[in-house]
$ cat run_23.cif   # mmCIF, C-alpha atoms and all ligand atoms
data_protein
#
loop_
_atom_site.label_atom_id
_atom_site.label_comp_id
_atom_site.auth_asym_id
_atom_site.auth_seq_id
_atom_site.Cartn_x
_atom_site.Cartn_y
_atom_site.Cartn_z
CA MET S 1 -26.99 44.27 -26.25
CA LYS S 2 -28.52 43.45 -22.92
CA ASN S 3 -26.66 40.15 -22.80
CA SER S 4 -23.26 41.57 -23.64
CA SER S 5 -23.52 44.32 -21.03
CA PHE S 6 -24.35 41.66 -18.46
CA ILE S 7 -21.21 39.77 -19.43
CA VAL S 8 -19.13 42.95 -19.00
CA ILE S 9 -20.54 43.51 -15.51
CA ALA S 10 -19.96 39.87 -14.61
CA ALA S 11 -16.38 40.15 -15.85
CA ILE S 12 -15.79 43.25 -13.72
CA GLN S 13 -17.23 41.48 -10.69
CA LEU S 14 -14.97 38.50 -11.36
CA PHE S 15 -11.98 40.83 -11.65
CA PHE S 16 -12.73 42.41 -8.30
CA ALA S 17 -13.37 39.04 -6.72
CA CYS S 18 -9.97 37.84 -7.86
CA SER S 19 -8.11 41.00 -6.89
CA SER S 20 -9.58 41.02 -3.39
CA SER S 21 -8.16 37.57 -2.72
CA ASN S 22 -4.73 38.79 -3.77
CA ASP S 23 -4.36 41.28 -0.95
CA ASN S 24 -3.47 40.38 2.59
CA THR S 25 -6.96 39.76 3.95
CA THR S 26 -7.74 36.26 5.19
CA THR S 27 -10.01 34.41 2.83
CA THR S 28 -12.36 31.89 4.30
CA THR S 29 -13.82 29.12 2.25
CA THR S 30 -17.56 29.21 2.72
CA GLU S 31 -19.48 26.05 2.11
CA THR S 32 -22.39 26.69 -0.19
CA GLY S 33 -25.46 24.55 -0.46
CA THR S 34 -26.27 21.60 1.78
CA VAL S 35 -24.04 20.94 4.77
CA VAL S 36 -25.02 17.85 6.74
CA LYS S 37 -23.93 17.79 10.38
CA VAL S 38 -22.56 14.65 11.98
CA ASN S 39 -25.34 12.78 13.78
CA ALA S 40 -23.81 11.43 16.98
CA ALA S 41 -26.72 8.98 17.30
CA ASP S 42 -25.49 7.21 14.15
CA PHE S 43 -22.68 5.61 16.18
CA LEU S 44 -23.63 2.28 17.74
CA SER S 45 -23.42 2.25 21.53
CA GLY S 46 -21.77 -1.19 21.41
CA GLY S 47 -18.63 0.42 19.97
CA LEU S 48 -18.42 3.26 22.47
CA VAL S 49 -16.49 3.26 25.74
CA GLU S 50 -18.45 6.30 26.98
CA PRO S 51 -21.30 8.42 25.59
CA ILE S 52 -20.31 10.87 22.83
CA THR S 53 -19.82 14.41 24.13
CA THR S 54 -19.30 17.77 22.41
CA VAL S 55 -16.02 19.54 23.09
CA SER S 56 -14.27 22.56 21.62
CA ARG S 57 -11.16 21.70 19.59
CA THR S 58 -8.67 23.48 17.38
CA LEU S 59 -9.11 22.49 13.76
CA SER S 60 -6.39 22.04 11.16
CA ASP S 61 -7.07 25.54 9.76
CA GLY S 62 -6.39 27.11 13.15
CA THR S 63 -10.02 27.87 13.95
CA THR S 64 -11.88 26.44 16.93
CA ALA S 65 -15.12 24.52 16.60
CA ASP S 66 -17.41 22.09 18.36
CA CYS S 67 -16.33 18.51 17.81
CA TYR S 68 -17.75 15.20 18.87
CA LYS S 69 -15.44 13.33 21.22
CA ILE S 70 -15.88 9.71 20.27
CA VAL S 71 -14.18 7.14 22.49
CA VAL S 72 -14.33 3.73 20.86
CA ASN S 73 -13.40 0.23 21.98
CA SER S 74 -12.03 -0.68 18.51
CA LEU S 75 -14.14 -3.83 18.26
CA ALA S 76 -17.03 -4.47 15.89
CA SER S 77 -20.34 -4.87 17.74
CA ASP S 78 -22.46 -5.31 14.61
CA HIS S 79 -20.80 -8.27 12.86
CA THR S 80 -18.59 -11.25 13.57
CA MET S 81 -14.87 -10.51 13.59
CA GLY S 82 -12.78 -13.17 11.89
CA PRO S 83 -11.97 -15.77 10.87
CA TRP S 84 -8.67 -14.67 9.33
CA CYS S 85 -6.33 -17.63 8.80
CA PRO S 86 -7.68 -21.00 7.75
CA THR S 87 -6.33 -23.97 9.72
CA ASN S 88 -5.67 -26.47 6.94
CA ILE S 89 -5.10 -26.22 3.18
CA SER S 90 -8.30 -28.27 2.77
CA ASP S 91 -10.40 -25.54 4.47
CA ASP S 92 -13.03 -23.73 2.41
CA ALA S 93 -13.54 -19.95 2.28
CA SER S 94 -15.77 -19.96 5.36
CA LYS S 95 -12.70 -20.80 7.48
CA GLY S 96 -10.61 -17.83 6.38
CA GLY S 97 -10.79 -14.15 5.49
CA ILE S 98 -9.70 -12.18 2.44
CA TRP S 99 -6.53 -10.79 0.92
CA LEU S 100 -6.25 -7.70 -1.29
CA GLU S 101 -3.84 -7.69 -4.20
CA GLY S 102 -3.69 -5.70 -7.40
CA GLY S 103 -7.18 -4.27 -6.91
CA VAL S 104 -8.70 -7.71 -6.46
CA LYS S 105 -10.21 -9.21 -3.31
CA TYR S 106 -9.25 -12.89 -2.85
CA ASP S 107 -10.73 -15.42 -0.44
CA VAL S 108 -8.05 -16.73 1.89
CA ASP S 109 -9.15 -20.35 1.89
CA GLY S 110 -6.85 -23.34 2.24
CA ALA S 111 -6.20 -23.42 -1.49
CA PHE S 112 -5.07 -19.79 -1.49
CA VAL S 113 -2.49 -20.50 1.21
CA LYS S 114 -1.36 -23.66 -0.60
CA ASN S 115 -0.94 -21.65 -3.79
CA LEU S 116 1.05 -18.69 -2.35
CA ALA S 117 4.37 -19.62 -4.00
CA THR S 118 2.66 -19.66 -7.39
CA PHE S 119 0.53 -16.60 -6.65
CA TYR S 120 3.57 -14.50 -5.75
CA LYS S 121 5.96 -16.31 -8.10
CA ASP S 122 8.35 -16.94 -5.20
CA SER S 123 9.23 -20.45 -4.03
CA ASN S 124 10.09 -19.19 -0.51
CA TRP S 125 6.39 -19.23 0.30
CA MET S 126 5.58 -22.42 2.24
CA MET S 127 2.99 -21.69 4.91
CA TYR S 128 1.75 -25.22 5.60
CA ASN S 129 2.92 -28.67 6.59
CA ALA S 130 3.30 -30.69 3.39
CA THR S 131 2.35 -33.90 5.18
CA THR S 132 -0.67 -32.83 7.25
CA GLY S 133 -1.76 -29.73 5.35
CA ALA S 134 -1.81 -27.77 8.64
CA ILE S 135 -1.34 -24.04 8.04
CA THR S 136 1.37 -22.34 10.10
CA LYS S 137 -0.35 -19.56 12.01
CA THR S 138 0.04 -17.51 15.14
CA SER S 139 -1.81 -18.99 18.09
CA THR S 140 -1.03 -16.72 21.07
CA LYS S 141 -1.02 -13.00 21.85
CA THR S 142 2.78 -13.05 21.99
CA GLU S 143 3.01 -14.69 18.57
CA CYS S 144 0.54 -12.16 17.17
CA GLU S 145 2.64 -9.31 18.54
CA GLU S 146 5.96 -10.67 17.32
CA ALA S 147 4.79 -11.80 13.91
CA ALA S 148 3.03 -8.46 13.24
CA ASN S 149 6.28 -6.57 13.81
CA PRO S 150 7.45 -5.19 10.45
CA ASN S 151 10.97 -6.31 11.35
CA VAL S 152 9.64 -9.80 11.86
CA GLY S 153 12.24 -12.30 12.86
CA ALA S 154 13.14 -15.29 10.73
CA GLN S 155 11.18 -17.54 13.11
CA TYR S 156 7.94 -15.97 11.85
CA LYS S 157 8.67 -16.34 8.16
CA ASN S 158 5.79 -18.15 6.50
CA PHE S 159 3.29 -17.48 9.27
CA CYS S 160 -0.32 -16.57 8.76
CA VAL S 161 -0.80 -13.77 11.31
CA GLU S 162 -4.04 -13.77 13.24
CA CYS S 163 -4.68 -11.60 16.30
CA LEU S 164 -7.87 -12.31 18.21
CA PRO S 165 -10.40 -9.85 19.73
CA SER S 166 -9.63 -11.27 23.20
CA TYR S 167 -6.08 -9.86 22.89
CA VAL S 168 -7.41 -6.28 22.67
CA ALA S 169 -10.39 -6.42 25.03
CA ASN S 170 -9.35 -3.38 27.06
CA LEU S 171 -8.35 -0.88 24.37
CA SER S 172 -9.85 2.54 23.83
CA HIS S 173 -9.13 5.17 21.20
CA THR S 174 -10.42 8.75 21.13
CA TYR S 175 -11.37 10.59 17.94
CA TYR S 176 -12.61 14.15 17.50
CA ILE S 177 -14.84 14.88 14.52
CA PRO S 178 -16.14 18.40 13.72
CA VAL S 179 -19.90 18.52 14.37
CA THR S 180 -20.35 20.66 11.25
CA PRO S 181 -17.97 19.74 8.44
CA LYS S 182 -16.11 22.63 6.83
CA ALA S 183 -14.22 22.56 3.54
CA ALA S 184 -10.46 23.07 3.73
CA SER S 185 -8.85 25.59 1.37
CA SER S 186 -7.40 22.62 -0.52
CA PRO S 187 -7.63 18.84 0.01
CA ILE S 188 -5.62 17.59 2.98
CA ALA S 189 -3.26 14.70 2.26
CA PHE S 190 -3.22 11.83 4.71
CA GLY S 191 -0.12 11.35 6.81
CA THR S 192 2.11 8.44 6.00
CA GLY S 193 4.15 8.29 9.18
CA PRO S 194 5.02 9.97 12.47
CA MET S 195 6.81 12.86 10.74
CA SER S 196 3.98 13.77 8.36
CA SER S 197 1.32 16.27 9.28
CA GLY S 198 -2.01 14.85 8.11
CA PRO S 199 -3.97 12.20 9.99
CA SER S 200 -3.58 8.61 8.87
CA VAL S 201 -7.01 7.35 9.95
CA ARG S 202 -9.61 8.07 7.25
CA GLY S 203 -12.75 7.92 9.35
CA LEU S 204 -15.05 5.83 11.49
CA ALA S 205 -17.64 3.23 10.61
CA PHE S 206 -20.92 3.50 12.49
CA ASN S 207 -19.67 0.76 14.82
CA GLY S 208 -16.78 3.04 15.83
CA VAL S 209 -14.11 0.96 14.09
CA VAL S 210 -11.65 3.01 12.04
CA PHE S 211 -11.32 3.05 8.29
CA ASP S 212 -7.55 2.91 8.41
CA ALA S 213 -4.66 3.76 6.12
CA PRO S 214 -3.88 1.11 3.50
CA ALA S 215 -2.33 -2.00 5.04
CA PRO S 216 1.43 -2.10 4.32
CA THR S 217 1.01 -5.28 2.32
CA SER S 218 4.45 -5.08 0.68
CA VAL S 219 6.14 -5.05 4.10
CA ILE S 220 3.95 -7.93 5.27
CA LEU S 221 4.72 -9.96 2.16
CA ALA S 222 8.46 -9.18 2.23
CA ALA S 223 8.58 -11.06 5.53
CA TYR S 224 6.68 -14.01 4.01
CA THR S 225 3.80 -13.41 6.37
CA LEU S 226 0.17 -13.03 5.49
CA ALA S 227 -2.11 -10.93 7.73
CA PRO S 228 -5.51 -11.57 6.17
CA PHE S 229 -8.53 -9.36 6.69
CA ASP S 230 -11.81 -10.95 7.67
CA ASP S 231 -14.77 -10.89 5.32
CA ALA S 232 -15.68 -7.42 6.65
CA GLY S 233 -12.24 -6.10 5.62
CA GLY S 234 -10.82 -5.86 9.13
CA HIS S 235 -8.10 -7.39 11.24
CA ILE S 236 -6.47 -6.74 14.59
CA ASN S 237 -3.17 -5.47 15.82
CA LEU S 238 -2.42 -4.95 19.49
CA ALA S 239 -2.04 -1.15 19.23
CA ALA S 240 -4.92 -0.28 16.91
CA GLY S 241 -7.34 -3.02 17.88
CA TYR S 242 -9.75 -4.11 15.18
CA HIS S 243 -9.53 -1.83 12.11
CA TYR S 244 -10.64 -1.88 8.48
CA HIS S 245 -8.59 -1.80 5.29
CA ALA S 246 -11.52 -2.44 2.94
CA ALA S 247 -15.24 -1.78 2.87
CA THR S 248 -17.00 -4.99 1.89
CA GLY S 249 -20.56 -4.05 2.84
CA LEU S 250 -20.83 -5.97 6.12
CA THR S 251 -20.93 -3.04 8.55
CA THR S 252 -24.04 -1.12 9.62
CA LYS S 253 -25.29 1.09 6.82
CA LYS S 254 -27.96 3.72 6.27
CA THR S 255 -29.74 3.06 3.03
CA GLN S 256 -30.85 6.09 1.02
CA THR S 257 -34.34 6.58 -0.38
CA ASP S 258 -33.21 7.84 -3.79
CA GLY S 259 -31.09 4.92 -5.01
CA HIS S 260 -27.86 6.57 -3.89
CA ALA S 261 -25.21 4.35 -2.29
CA ALA S 262 -25.74 3.60 1.41
CA MET S 263 -23.91 5.58 4.09
CA ILE S 264 -21.38 3.57 6.14
CA GLY S 265 -19.71 6.15 8.39
CA TYR S 266 -18.02 9.51 8.72
CA ALA S 267 -14.64 10.73 7.56
CA LEU S 268 -12.40 12.46 10.10
CA ASP S 269 -13.55 15.84 8.73
CA GLY S 270 -17.20 15.04 9.45
CA TYR S 271 -18.31 14.48 5.86
CA GLY S 272 -20.24 11.27 5.27
CA ILE S 273 -18.67 8.16 3.80
CA TYR S 274 -20.85 6.08 1.47
CA GLU S 275 -20.46 2.77 -0.29
CA ARG S 276 -18.88 2.76 -3.73
CA LEU S 277 -21.89 1.71 -5.77
CA ASP S 278 -25.46 2.98 -5.94
CA THR S 279 -28.39 0.57 -5.70
CA ALA S 280 -28.22 -0.01 -9.47
CA GLY S 281 -24.58 -1.09 -9.12
CA ASN S 282 -23.04 2.01 -10.66
CA GLU S 283 -20.11 4.08 -9.42
CA SER S 284 -20.39 7.88 -9.54
CA THR S 285 -18.52 9.34 -12.49
CA ASP S 286 -17.95 12.83 -11.05
CA LEU S 287 -15.84 12.03 -7.98
CA ASP S 288 -13.04 14.47 -7.21
CA ALA S 289 -9.48 13.47 -6.34
CA SER S 290 -10.50 12.87 -2.72
CA ARG S 291 -13.23 10.44 -3.97
CA GLY S 292 -16.00 12.88 -3.04
CA HIS S 293 -18.72 14.87 -4.72
CA THR S 294 -21.72 17.01 -3.79
CA ASP S 295 -25.44 16.55 -4.17
CA THR S 296 -28.39 18.48 -2.82
CA SER S 297 -29.56 15.93 -0.24
CA ARG S 298 -26.20 14.91 1.20
CA GLY S 299 -23.99 17.92 0.50
CA TYR S 300 -20.33 17.00 0.08
CA HIS S 301 -19.62 13.31 0.80
CA TYR S 302 -17.23 10.53 -0.11
CA HIS S 303 -17.59 7.18 -1.86
CA VAL S 304 -15.15 4.46 -0.80
CA ASP S 305 -12.75 2.81 -3.18
CA ALA S 306 -13.14 -0.81 -4.29
CA ALA S 307 -12.32 -3.33 -1.53
CA GLY S 308 -9.49 -4.84 -3.56
CA LYS S 309 -7.71 -1.46 -3.64
CA ASN S 310 -6.83 -1.60 0.10
CA ASN S 311 -8.11 1.99 0.23
CA PHE S 312 -11.13 4.07 1.27
CA ILE S 313 -10.74 7.73 0.30
CA ASN S 314 -7.75 9.63 -1.09
CA SER S 315 -7.61 12.87 0.93
CA LEU S 316 -9.76 15.00 3.24
CA HIS S 317 -11.99 17.64 1.67
CA GLY S 318 -12.57 19.29 5.03
CA VAL S 319 -10.61 20.44 8.04
CA TYR S 320 -10.06 18.00 10.88
CA ALA S 321 -9.57 18.35 14.62
CA LYS S 322 -5.99 18.49 15.79
ZN ZN S 401 -4.06 -3.44 9.53
ZN ZN S 402 -22.73 10.37 -3.82
#
$ encode --input "run_23.cif" --output "structure tokens"
Amino acid sequence: MKNSSFIVIAAIQLFFACSSSNDNTTTTTTETGTVVKVNAADFLSGGLVEPITTVSRTLSDGTTADCYKIVVNSLASDHTMGPWCPTNISDDASKGGIWLEGGVKYDVDGAFVKNLATFYKDSNWMMYNATTGAITKTSTKTECEEAANPNVGAQYKNFCVECLPSYVANLSHTYYIPVTPKAASSPIAFGTGPMSSGPSVRGLAFNGVVFDAPAPTSVILAAYTLAPFDDAGGHINLAAGYHYHAATGLTTKKTQTDGHAAMIGYALDGYGIYERLDTAGNESTDLDASRGHTDTSRGYHYHVDAAGKNNFINSLHGVYAK
């Protein structure tokens, strides 16, 4: 009897809880349990143009909150950038980067470039000199700029595109991340272009380099160009600077004491981003559609997708700074 009366009371409380959200009052989503603030000191000074400051910003839910203003130089200070394109079809994997296709991460060594026509089942691929084995690749800032254009001209067909850090030495990009992450009423989709509302950048690695939207590999390939990523999953374009399309484990990480996957950065909403696999090599089985879940030590946090997927996380769980 005691138990059933408890259930009745619980049901009444549930009823009132539901009905109160149906009237015109504003409902706020309150985070329960652990909420881990962004630690500004996690960002490496080598990636910052100026010290991180706290500023008030409007968030995507219309509220105002303290955010960290993070001005980055869009260059990796904690690992070597490149190489991207090998020079000759005889080069081994140490001379080139990686390519991501069909969920698989491939080494872009000389053999990969030699094999492109077979790999993509398209005989128009011919990115090397059949006599010398020299790979056709961009070699100046102008060539990098022109070959990276999605409407690449015919003169850059069958080019391996490689833009060097020296081409983007004076860039800076500013990001605002809420100091205290706050759940959105529903997951926020990433923007896919200038007309869409969500942000396209997913977050920042501890070195200040962005975890970017998936690389438009179909556009790149349609022009018979290859814009490899280096072994750390990054490459350069003149507007964005150095940016990541895959997490391969080469950036600064914070290992966890409980066997959980290591932390590698923050999403744009301030929630932590962690590697895909825990120290035993297992992927979490309870990730939500955003690729996040909650535990008592870390609160809500994300786990990145496999490197070969050309993807990090699927949507934002929390609100972001406009
Ligand atoms: Zn890119
Ligand atoms: Zn986790």
$ residues_around --input "run_23.cif" --residues "S:Gly241" --least-positions-apart "2" --cutoff "7 Å" --atoms "only C-alpha atoms" --output "list in words"
Ser74, Leu75, Val168, Leu171, Ile236, Asn237, Leu238, Ala239 and His243 of chain S
$ closest_residue --input "run_23.cif" --among "S:Gly272, S:Gly308, S:Thr255, S:Val210" --to "ligand ZN 401 (chain S)" --atoms "only C-alpha atoms and all ligand atoms"
S:Val210
$ residues_near_ligand --input "run_23.cif" --ligand "ligand ZN 402 (chain S)" --cutoff "8 Å" --atoms "all atoms listed in the file" --output "PDB file with C-alpha atoms, in the frame of the given file"
ATOM      1  CA  HIS S 260     -27.860   6.570  -3.890  1.00  0.00           C
ATOM      2  CA  ALA S 261     -25.210   4.350  -2.290  1.00  0.00           C
ATOM      3  CA  TYR S 274     -20.850   6.080   1.470  1.00  0.00           C
ATOM      4  CA  SER S 284     -20.390   7.880  -9.540  1.00  0.00           C
ATOM      5  CA  GLY S 292     -16.000  12.880  -3.040  1.00  0.00           C
ATOM      6  CA  HIS S 293     -18.720  14.870  -4.720  1.00  0.00           C
ATOM      7  CA  THR S 294     -21.720  17.010  -3.790  1.00  0.00           C
ATOM      8  CA  ASP S 295     -25.440  16.550  -4.170  1.00  0.00           C
ATOM      9  CA  ARG S 298     -26.200  14.910   1.200  1.00  0.00           C
ATOM     10  CA  HIS S 301     -19.620  13.310   0.800  1.00  0.00           C
ATOM     11  CA  TYR S 302     -17.230  10.530  -0.110  1.00  0.00           C
ATOM     12  CA  HIS S 303     -17.590   7.180  -1.860  1.00  0.00           C
TER      13      HIS S 303
END
$ residues_near_ligand --input "run_23.cif" --ligand "ligand ZN 401 (chain S)" --cutoff "12 Å" --atoms "all atoms listed in the file" --output "ChimeraX atom specification"
/S:99-100,148-150,161-163,201,209-217,219-220,226-230,233-246,310-311
$ closest_atom_pairs --input "run_23.cif" --of "stretch 178-213 of chain S" --to "stretch 42-46 of chain S" --cutoff "10 Å" --atoms "only C-alpha atoms" --output "tab-separated table"
residue	atom	partner	partner_atom	distance
S:Leu204	CA	S:Phe43	CA	9.0
S:Ala205	CA	S:Phe43	CA	7.9
S:Phe206	CA	S:Phe43	CA	4.6
S:Asn207	CA	S:Leu44	CA	5.1
S:Gly208	CA	S:Phe43	CA	6.4
S:Val209	CA	S:Phe43	CA	10.0
$ residues_around --input "run_23.cif" --residues "S:Val179" --least-positions-apart "5" --cutoff "10 Å" --atoms "only C-alpha atoms" --output "PyMOL selection string"
chain S and resi 36-40+54-55+65-69+269-271
$ atom_distance --input "run_23.cif" --atom1 "atom CA of S:Asn158" --atom2 "atom CA of S:Asp305"
29.6 Å
$ atom_distance --input "run_23.cif" --atom1 "atom CA of S:Ser94" --atom2 "atom CA of S:Thr118"
22.4 Å
$ atom_distance --input "run_23.cif" --atom1 "atom CA of S:Thr248" --atom2 "atom CA of S:Ala232"
5.5 Å
$ closest_residue --input "run_23.cif" --among "S:Asp78, S:Ala111, S:Ser90, S:Ser56" --to "S:Lys253" --atoms "all atoms listed in the file"
S:Asp78
$ closest_residue --input "run_23.cif" --among "S:Ser197, S:Asn124, S:Thr225, S:Thr192" --to "S:Lys157" --atoms "only C-alpha atoms"
S:Thr225
$ closest_residue --input "run_23.cif" --among "S:Phe312, S:Trp125, S:Tyr300, S:Tyr266" --to "S:Pro178" --atoms "only C-alpha atoms"
S:Tyr266
$ closest_residue --input "run_23.cif" --among "S:Pro86, S:Gly299, S:Gly265, S:Pro187" --to "S:Thr252" --atoms "only C-alpha atoms"
S:Gly265
$ closest_residue --input "run_23.cif" --among "S:Ile98, S:Leu221, S:Ala184, S:Cys144" --to "S:Leu164" --atoms "all atoms listed in the file"
S:Cys144
$ build_atoms --input "run_23.cif" --residues "stretch 159-173 of chain S" --atoms "N, CA, C and O atoms" --output "PDB file, in the coordinates of the input"
ATOM      1  N   PHE S 159       4.369 -17.385   8.295  1.00  0.00           N
ATOM      2  CA  PHE S 159       3.290 -17.480   9.270  1.00  0.00           C
ATOM      3  C   PHE S 159       2.076 -16.724   8.749  1.00  0.00           C
ATOM      4  O   PHE S 159       2.203 -15.644   8.181  1.00  0.00           O
ATOM      5  N   CYS S 160       0.919 -17.308   8.947  1.00  0.00           N
ATOM      6  CA  CYS S 160      -0.320 -16.570   8.760  1.00  0.00           C
ATOM      7  C   CYS S 160      -0.599 -15.883  10.101  1.00  0.00           C
ATOM      8  O   CYS S 160      -0.686 -16.542  11.135  1.00  0.00           O
ATOM      9  N   VAL S 161      -0.679 -14.546  10.074  1.00  0.00           N
ATOM     10  CA  VAL S 161      -0.800 -13.770  11.310  1.00  0.00           C
ATOM     11  C   VAL S 161      -2.271 -13.517  11.621  1.00  0.00           C
ATOM     12  O   VAL S 161      -3.015 -12.991  10.795  1.00  0.00           O
ATOM     13  N   GLU S 162      -2.648 -13.896  12.824  1.00  0.00           N
ATOM     14  CA  GLU S 162      -4.040 -13.770  13.240  1.00  0.00           C
ATOM     15  C   GLU S 162      -4.062 -13.322  14.692  1.00  0.00           C
ATOM     16  O   GLU S 162      -3.594 -14.036  15.567  1.00  0.00           O
ATOM     17  N   CYS S 163      -4.576 -12.124  14.933  1.00  0.00           N
ATOM     18  CA  CYS S 163      -4.680 -11.600  16.300  1.00  0.00           C
ATOM     19  C   CYS S 163      -6.160 -11.566  16.668  1.00  0.00           C
ATOM     20  O   CYS S 163      -6.993 -11.091  15.897  1.00  0.00           O
ATOM     21  N   LEU S 164      -6.474 -12.096  17.840  1.00  0.00           N
ATOM     22  CA  LEU S 164      -7.870 -12.310  18.210  1.00  0.00           C
ATOM     23  C   LEU S 164      -8.436 -11.142  19.031  1.00  0.00           C
ATOM     24  O   LEU S 164      -7.694 -10.438  19.729  1.00  0.00           O
ATOM     25  N   PRO S 165      -9.773 -10.936  18.967  1.00  0.00           N
ATOM     26  CA  PRO S 165     -10.400  -9.850  19.730  1.00  0.00           C
ATOM     27  C   PRO S 165     -10.073  -9.931  21.228  1.00  0.00           C
ATOM     28  O   PRO S 165      -9.953  -8.900  21.889  1.00  0.00           O
ATOM     29  N   SER S 166      -9.905 -11.140  21.757  1.00  0.00           N
ATOM     30  CA  SER S 166      -9.630 -11.270  23.200  1.00  0.00           C
ATOM     31  C   SER S 166      -8.292 -10.639  23.581  1.00  0.00           C
ATOM     32  O   SER S 166      -8.082 -10.287  24.735  1.00  0.00           O
ATOM     33  N   TYR S 167      -7.378 -10.470  22.595  1.00  0.00           N
ATOM     34  CA  TYR S 167      -6.080  -9.860  22.890  1.00  0.00           C
ATOM     35  C   TYR S 167      -6.190  -8.347  23.105  1.00  0.00           C
ATOM     36  O   TYR S 167      -5.262  -7.731  23.611  1.00  0.00           O
ATOM     37  N   VAL S 168      -7.291  -7.754  22.633  1.00  0.00           N
ATOM     38  CA  VAL S 168      -7.410  -6.280  22.670  1.00  0.00           C
ATOM     39  C   VAL S 168      -8.712  -5.867  23.366  1.00  0.00           C
ATOM     40  O   VAL S 168      -9.334  -4.866  23.013  1.00  0.00           O
ATOM     41  N   ALA S 169      -9.088  -6.638  24.379  1.00  0.00           N
ATOM     42  CA  ALA S 169     -10.390  -6.420  25.030  1.00  0.00           C
ATOM     43  C   ALA S 169     -10.454  -5.126  25.819  1.00  0.00           C
ATOM     44  O   ALA S 169     -11.546  -4.638  26.112  1.00  0.00           O
ATOM     45  N   ASN S 170      -9.313  -4.562  26.186  1.00  0.00           N
ATOM     46  CA  ASN S 170      -9.350  -3.380  27.060  1.00  0.00           C
ATOM     47  C   ASN S 170      -8.811  -2.118  26.392  1.00  0.00           C
ATOM     48  O   ASN S 170      -8.376  -1.187  27.060  1.00  0.00           O
ATOM     49  N   LEU S 171      -8.842  -2.067  25.071  1.00  0.00           N
ATOM     50  CA  LEU S 171      -8.350  -0.880  24.370  1.00  0.00           C
ATOM     51  C   LEU S 171      -9.400   0.221  24.351  1.00  0.00           C
ATOM     52  O   LEU S 171     -10.603  -0.038  24.423  1.00  0.00           O
ATOM     53  N   SER S 172      -8.943   1.467  24.235  1.00  0.00           N
ATOM     54  CA  SER S 172      -9.850   2.540  23.830  1.00  0.00           C
ATOM     55  C   SER S 172      -9.067   3.550  23.021  1.00  0.00           C
ATOM     56  O   SER S 172      -7.864   3.753  23.239  1.00  0.00           O
ATOM     57  N   HIS S 173      -9.727   4.126  22.035  1.00  0.00           N
ATOM     58  CA  HIS S 173      -9.130   5.170  21.200  1.00  0.00           C
ATOM     59  C   HIS S 173     -10.112   6.332  21.114  1.00  0.00           C
ATOM     60  O   HIS S 173     -11.322   6.117  21.022  1.00  0.00           O
TER      61      HIS S 173
END
